[in-house]
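Trainee: Contents are TSV, C-alpha atoms; file name target.tsv:
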chain	number	residue	atom	x	y	z
A	24	MET	CA	6.63	-22.05	6.72
A	25	PRO	CA	3.67	-23.49	4.87
A	26	ARG	CA	1.56	-20.96	3.05
A	27	GLN	CA	-1.72	-20.18	4.69
A	28	GLN	CA	-4.67	-21.24	2.63
A	29	GLN	CA	-6.85	-18.32	1.68
A	30	PRO	CA	-10.51	-18.71	2.54
A	31	ALA	CA	-12.71	-19.36	-0.46
A	32	THR	CA	-14.54	-16.27	-1.62
A	33	ARG	CA	-18.19	-16.48	-2.45
A	34	PRO	CA	-19.46	-14.81	-5.60
A	35	ALA	CA	-21.29	-11.62	-4.84
A	36	ARG	CA	-25.03	-12.14	-4.77
A	37	ARG	CA	-26.89	-9.99	-7.22
A	38	ARG	CA	-29.38	-7.65	-5.68
A	39	SER	CA	-32.94	-8.88	-5.75
A	40	TYR	CA	-36.29	-7.40	-4.90
A	41	ASP	CA	-37.08	-10.71	-3.14
A	42	GLN	CA	-40.69	-10.52	-4.23
A	43	PHE	CA	-42.70	-13.44	-5.59
A	44	CYS	CA	-43.88	-11.36	-8.54
A	45	ALA	CA	-43.20	-11.81	-12.25
A	46	THR	CA	-42.41	-8.11	-12.72
A	47	ALA	CA	-39.99	-8.11	-9.80
A	48	ARG	CA	-38.28	-11.26	-11.10
A	49	ALA	CA	-37.92	-9.66	-14.54
A	50	LEU	CA	-36.37	-6.56	-13.01
A	51	ASP	CA	-33.98	-8.76	-11.03
A	52	SER	CA	-32.61	-9.81	-14.45
A	53	VAL	CA	-32.84	-6.66	-16.56
A	54	GLY	CA	-33.45	-3.79	-14.15
A	55	ASP	CA	-29.81	-2.79	-13.77
A	56	ARG	CA	-28.60	0.31	-15.61
A	57	TRP	CA	-27.32	-0.51	-19.15
A	58	THR	CA	-28.71	-4.06	-19.30
A	59	LEU	CA	-31.61	-3.33	-21.65
A	60	LEU	CA	-29.41	-1.12	-23.82
A	61	ILE	CA	-26.98	-4.02	-24.19
A	62	VAL	CA	-29.96	-6.11	-25.32
A	63	ARG	CA	-30.83	-3.36	-27.80
A	64	GLU	CA	-27.35	-3.66	-29.31
A	65	LEU	CA	-27.38	-7.46	-29.41
A	66	LEU	CA	-30.76	-7.57	-31.14
A	67	ALA	CA	-28.72	-6.47	-34.16
A	68	GLY	CA	-26.75	-9.73	-33.97
A	69	PRO	CA	-23.53	-10.95	-32.33
A	70	ARG	CA	-21.17	-8.17	-31.25
A	71	ARG	CA	-17.61	-7.99	-30.00
A	72	TYR	CA	-16.97	-6.36	-26.65
A	73	THR	CA	-15.20	-3.43	-28.32
A	74	ASP	CA	-18.16	-2.87	-30.67
A	75	LEU	CA	-20.58	-2.89	-27.75
A	76	HIS	CA	-18.45	-0.39	-25.87
A	77	ALA	CA	-18.28	1.90	-28.90
A	78	ASP	CA	-22.06	1.93	-29.35
A	79	LEU	CA	-22.86	2.43	-25.67
A	80	PRO	CA	-21.40	5.90	-25.05
A	81	GLY	CA	-21.06	6.62	-21.35
A	82	VAL	CA	-20.66	3.07	-20.06
A	83	SER	CA	-17.37	2.28	-18.34
A	84	THR	CA	-15.41	-0.82	-19.30
A	85	ASP	CA	-15.84	-2.24	-15.79
A	86	VAL	CA	-19.60	-1.77	-15.79
A	87	LEU	CA	-20.00	-3.23	-19.27
A	88	ALA	CA	-17.92	-6.29	-18.36
A	89	SER	CA	-19.92	-6.73	-15.15
A	90	ARG	CA	-23.27	-6.43	-16.91
A	91	LEU	CA	-22.26	-8.93	-19.61
A	92	LYS	CA	-21.12	-11.39	-16.94
A	93	ASP	CA	-24.42	-11.01	-15.10
A	94	MET	CA	-26.34	-11.47	-18.35
A	95	GLU	CA	-24.38	-14.64	-19.11
A	96	GLN	CA	-25.13	-16.01	-15.67
A	97	GLY	CA	-28.79	-15.05	-16.09
A	98	GLY	CA	-29.10	-16.91	-19.38
A	99	LEU	CA	-29.67	-13.78	-21.51
A	100	VAL	CA	-26.43	-13.87	-23.52
A	101	THR	CA	-23.78	-16.35	-24.51
A	102	ARG	CA	-20.18	-15.79	-25.52
A	103	ARG	CA	-18.50	-17.75	-28.28
A	104	ARG	CA	-15.28	-17.64	-30.22
A	105	ILE	CA	-15.45	-16.95	-33.95
A	106	PRO	CA	-12.78	-18.54	-36.18
A	107	PRO	CA	-9.97	-16.78	-38.08
A	108	PRO	CA	-9.45	-14.39	-39.68
A	109	ALA	CA	-11.56	-12.60	-37.06
A	110	ALA	CA	-10.44	-14.85	-34.18
A	111	ALA	CA	-12.43	-12.89	-31.63
A	112	SER	CA	-15.07	-13.53	-29.01
A	113	VAL	CA	-18.58	-12.26	-29.60
A	114	TYR	CA	-21.63	-11.93	-27.39
A	115	GLU	CA	-25.06	-12.90	-28.66
A	116	LEU	CA	-28.54	-13.17	-27.22
A	117	THR	CA	-30.04	-16.47	-26.19
A	118	GLY	CA	-33.66	-17.26	-26.99
A	119	ARG	CA	-34.62	-15.80	-23.63
A	120	GLY	CA	-32.67	-12.65	-24.38
A	121	ARG	CA	-34.32	-12.30	-27.81
A	122	GLY	CA	-37.64	-12.59	-26.04
A	123	LEU	CA	-37.04	-9.07	-24.76
A	124	LEU	CA	-37.71	-7.60	-28.22
A	125	PRO	CA	-41.39	-6.77	-27.45
A	126	VAL	CA	-40.25	-5.15	-24.19
A	127	LEU	CA	-37.72	-2.95	-26.00
A	128	ALA	CA	-40.23	-2.13	-28.76
A	129	ALA	CA	-42.84	-1.11	-26.17
A	130	LEU	CA	-40.30	1.04	-24.32
A	131	ALA	CA	-39.28	2.69	-27.61
A	132	GLU	CA	-42.92	3.46	-28.41
A	133	TRP	CA	-43.51	4.81	-24.90
A	134	GLY	CA	-40.33	6.89	-24.97
A	135	ALA	CA	-40.67	8.30	-28.49
A	136	PRO	CA	-42.60	11.42	-27.35
A	137	ALA	CA	-39.61	12.35	-25.16
A	138	LEU	CA	-37.48	12.74	-28.30
A	139	ALA	CA	-39.19	15.94	-29.39
A	140	GLU	CA	-35.93	17.81	-28.91
A	141	ARG	CA	-32.36	16.53	-29.22
A	142	ARG	CA	-30.14	17.70	-26.39
A	143	PRO	CA	-26.63	18.95	-27.18
A	144	THR	CA	-25.15	16.15	-25.05
A	145	ASP	CA	-27.13	13.37	-26.77
A	146	ALA	CA	-25.13	10.73	-28.60
A	147	VAL	CA	-26.87	9.19	-31.60
A	148	ARG	CA	-26.45	6.10	-33.74
A	149	ALA	CA	-28.59	5.42	-36.79
A	150	HIS	CA	-29.58	1.91	-35.73
A	151	TRP	CA	-31.10	3.27	-32.52
A	152	PHE	CA	-34.04	4.34	-34.69
A	153	ALA	CA	-34.70	0.75	-35.75
A	154	LEU	CA	-36.96	-0.11	-32.82
A	155	VAL	CA	-38.98	3.04	-33.46
A	156	LEU	CA	-39.39	2.22	-37.15
A	157	LEU	CA	-40.47	-1.37	-36.51
A	158	ARG	CA	-43.84	-0.03	-35.40
A	159	ALA	CA	-44.39	1.55	-38.82
A	160	LEU	CA	-43.62	-1.78	-40.49
A	161	GLU	CA	-46.03	-3.83	-38.37
A	162	GLY	CA	-48.57	-5.61	-40.50
A	163	THR	CA	-46.36	-5.70	-43.57
A	164	VAL	CA	-47.62	-8.57	-45.71
A	165	HIS	CA	-44.38	-9.32	-47.56
A	166	GLU	CA	-41.24	-10.35	-45.74
A	167	GLY	CA	-37.79	-9.00	-46.50
A	168	ILE	CA	-34.96	-6.65	-45.59
A	169	VAL	CA	-35.56	-2.90	-45.63
A	170	GLU	CA	-32.48	-0.69	-45.78
A	171	VAL	CA	-33.05	2.68	-44.14
A	172	ARG	CA	-30.97	5.79	-44.83
A	173	LEU	CA	-31.05	8.73	-42.41
A	174	ASP	CA	-28.75	11.73	-42.19
A	175	GLU	CA	-27.34	10.00	-39.09
A	176	GLY	CA	-26.35	6.88	-41.02
A	177	VAL	CA	-27.70	3.64	-42.46
A	178	PHE	CA	-29.29	0.62	-40.83
A	179	HIS	CA	-31.56	-2.19	-41.95
A	180	VAL	CA	-34.60	-3.90	-40.48
A	181	ARG	CA	-36.49	-7.07	-41.22
A	182	ALA	CA	-40.11	-6.55	-42.25
A	183	GLY	CA	-42.57	-9.36	-41.62
A	184	GLY	CA	-40.85	-10.88	-38.58
A	185	ALA	CA	-37.48	-12.14	-37.44
A	186	LYS	CA	-35.46	-14.96	-38.95
A	187	ASP	CA	-34.71	-18.12	-37.00
A	188	ASP	CA	-31.61	-16.41	-35.57
A	189	GLY	CA	-33.85	-13.72	-34.07
A	190	VAL	CA	-32.07	-10.83	-35.79
A	191	VAL	CA	-34.58	-8.09	-36.55
A	192	TYR	CA	-32.28	-5.19	-37.43
A	193	GLY	CA	-28.66	-4.39	-38.04
A	194	ASP	CA	-26.24	-1.50	-38.27
A	195	GLY	CA	-25.02	-0.40	-41.69
A	196	PRO	CA	-26.20	-1.30	-45.21
A	197	ALA	CA	-27.86	-4.64	-45.85
A	198	ALA	CA	-26.00	-7.30	-47.78
A	199	ARG	CA	-29.15	-7.67	-49.87
A	200	ALA	CA	-32.06	-5.27	-49.52
A	201	ASP	CA	-35.58	-5.96	-50.79
A	202	ALA	CA	-36.51	-2.28	-50.38
A	203	ARG	CA	-34.79	0.95	-49.45
A	204	LEU	CA	-36.19	3.93	-47.55
A	205	VAL	CA	-34.74	7.44	-47.40
A	206	LEU	CA	-36.15	9.75	-44.73
A	207	ASP	CA	-35.03	12.00	-41.92
A	208	ALA	CA	-34.96	11.32	-38.20
A	209	GLU	CA	-37.97	13.52	-37.44
A	210	VAL	CA	-40.15	11.60	-39.89
A	211	CYS	CA	-38.89	8.32	-38.43
A	212	LEU	CA	-39.85	9.47	-34.94
A	213	ALA	CA	-43.24	10.68	-36.14
A	214	LEU	CA	-43.86	7.21	-37.54
A	215	GLY	CA	-42.84	5.69	-34.23
A	216	ARG	CA	-45.15	8.00	-32.31
A	217	GLY	CA	-48.06	7.04	-34.55
A	218	GLU	CA	-48.49	10.59	-35.81
A	219	SER	CA	-48.31	9.36	-39.39
A	220	THR	CA	-48.46	6.06	-41.20
A	221	LEU	CA	-45.75	4.96	-43.56
A	222	ALA	CA	-48.20	5.09	-46.44
A	223	GLU	CA	-49.05	8.72	-45.62
A	224	ALA	CA	-45.37	9.67	-45.35
A	225	VAL	CA	-44.61	8.00	-48.68
A	226	GLY	CA	-47.64	9.64	-50.28
A	227	ASP	CA	-46.66	13.17	-49.30
A	228	GLY	CA	-43.00	12.69	-50.23
A	229	ARG	CA	-41.47	12.58	-46.75
A	230	VAL	CA	-40.25	9.01	-47.35
A	231	GLU	CA	-38.63	7.85	-50.59
A	232	VAL	CA	-38.98	4.15	-51.46
A	233	SER	CA	-36.85	2.32	-53.99
A	234	GLY	CA	-36.37	-1.28	-54.98
A	235	ASP	CA	-37.98	-3.99	-57.05
A	236	GLY	CA	-40.16	-6.80	-55.88
A	237	PRO	CA	-43.30	-7.20	-53.80
A	238	LEU	CA	-42.02	-5.66	-50.55
A	239	ALA	CA	-40.90	-2.42	-52.22
A	240	ALA	CA	-44.18	-2.27	-54.14
A	241	GLU	CA	-46.15	-2.73	-50.93
A	242	LEU	CA	-44.21	0.03	-49.15
A	243	ARG	CA	-44.84	2.34	-52.11
A	244	GLY	CA	-48.53	1.60	-51.73
A	245	GLY	CA	-48.74	-0.42	-54.92
Reformat the file's structure so that it appears as structure tokens.
Mentor:
Amino acid sequence: MPRQQQPATRPARRRSYDQFCATARALDSVGDRWTLLIVRELLAGPRRYTDLHADLPGVSTDVLASRLKDMEQGGLVTRRRIPPPAAASVYELTGRGRGLLPVLAALAEWGAPALAERRPTDAVRAHWFALVLLRALEGTVHEGIVEVRLDEGVFHVRAGGAKDDGVVYGDGPAARADARLVLDAEVCLALGRGESTLAEAVGDGRVEVSGDGPLAAELRGG
């Protein structure tokens, strides 16, 4: 007997607010749980699926895969294959995805007061403080890479704006740092909340600055 042809299945339609409103349209794209946190991770540059899963504690593999697929379809991320020896696929933000940086920075500033106390169940990664610290570096005259060392780990941020690739921070030490900061998480959060300026924190010894060149001198207040 001939095999019965299976009816074609339609792709599931993403939920929409169905409102002719810019805010509603934005939330159609990024309002799902985990989406903005995936953007937070990809602002640090291209990431493999396994790296994303490791730095998003609590997300299931199914949900992460689903969100990434939705973000690809929505034009927020692309997936590409990197050559050997890595020979792996990575996800990276498109220009539209990188345009969410001010949104994430504003959310980090708004949410910083809620970090007055760390809960026992809270996961933490050093580079999660990058968005908070960017506020303290606003208005920096000299451009360059600032390596930041906390008790929680090391990350680096770009002072003076993003490069053409849109990368504004990264996990781990910088390949080449123009300045280095040593501080603790509480000072970093205080800077993000606007309770202190970087110059004040450097002046009273809560932040240690090292490095040669104009950017390090500026951060030292020179």
Trainee: Tell me, counting all atoms listed in the file, for each residue of segment 140-169 of chain A within 8 Å of segment 202-219 of chain A, which pair of atoms is nearest and how far apart they are in Å to one decimal, in rows ordered by chain and increasing number, as a Markdown table.
Mentor:
| residue | atom | partner | partner_atom | distance |
| --- | --- | --- | --- | --- |
| A:Phe152 | CA | A:Cys211 | CA | 7.3 |
| A:Val155 | CA | A:Gly215 | CA | 4.7 |
| A:Leu156 | CA | A:Gly215 | CA | 5.7 |
| A:Leu157 | CA | A:Gly215 | CA | 7.8 |
| A:Arg158 | CA | A:Gly215 | CA | 5.9 |
| A:Ala159 | CA | A:Leu214 | CA | 5.8 |
| A:Gly167 | CA | A:Ala202 | CA | 7.9 |
| A:Ile168 | CA | A:Ala202 | CA | 6.7 |
| A:Val169 | CA | A:Ala202 | CA | 4.9 |
Trainee: Considering all atoms listed in the file, state which residue in the set A:Ile61, A:Leu124, A:Leu173, A:Val191 is at the smallest distance from Ser89 of chain A.
Mentor: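 Closest residue, counting all atoms listed in the file: A:Ile61.
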Trainee: Please provide as a VMD selection string all residues within 12 Å of Val232 of chain A, with the sequence filter that same-chain residues fewer than 3 positions apart are discarded (counting only C-alpha atoms).
Mentor: chain A and resid 169 to 172 200 to 206 221 to 222 224 to 226 228 to 229 235 to 236 238 to 245
Trainee: At what distance in Å, to one decimal, does atom CA of Leu60 of chain A lie from atom CA of Trp133 of chain A?
Mentor: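 If I compute the distance from atom CA of Trp133 of chain A to atom CA of Leu60 of chain A, I get 15.3 Å.
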Trainee: Determine, counting only C-alpha atoms, which protein, DNA and RNA residues have an atom within 10 Å of an atom of Ala153 of chain A; residues of the same chain fewer than 6 positions away are not included. Present the result as number ranges by chain.
Mentor: A: 63, 67, 128, 131, 171, 178-181, 191-194, 211, 215
Trainee: What does the distance from atom CA of Thr58 of chain A to atom CA of Glu140 of chain A come to in Å, to one decimal?
Mentor: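 Interatomic distance here is 25.0 Å.
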Trainee: Please provide the set of residues having any atom within 9 Å of Thr101 of chain A, restricted to all atoms listed in the file, with same-chain residues fewer than 2 positions apart removed, written as a compact mmCIF listing (two decimals) with C-alpha atoms, keeping the file's coordinate frame.
Mentor:
# COMPACT_ATOMS: atom_id res chain seq x y z
CA MET A 94 -26.34 -11.47 -18.35
CA GLU A 95 -24.38 -14.64 -19.11
CA GLN A 96 -25.13 -16.01 -15.67
CA GLY A 98 -29.10 -16.91 -19.38
CA LEU A 99 -29.67 -13.78 -21.51
CA ARG A 103 -18.50 -17.75 -28.28
CA VAL A 113 -18.58 -12.26 -29.60
CA TYR A 114 -21.63 -11.93 -27.39
CA GLU A 115 -25.06 -12.90 -28.66
CA LEU A 116 -28.54 -13.17 -27.22
CA THR A 117 -30.04 -16.47 -26.19
Trainee: Please measure the separation of atom CA of Gly183 of chain A and atom CA of Thr163 of chain A, giving the value in Å to one decimal.
Mentor: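 Computing the Euclidean distance for atom CA of Gly183 of chain A and atom CA of Thr163 of chain A yields 5.6 Å.
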Trainee: Which residue is closest to Leu123 of chain A? Choose from A:Val62, A:Val86, A:Ala109, A:Ala139 and count all atoms listed in the file.
Mentor: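 The closest residue to Leu123 of chain A is A:Val62.
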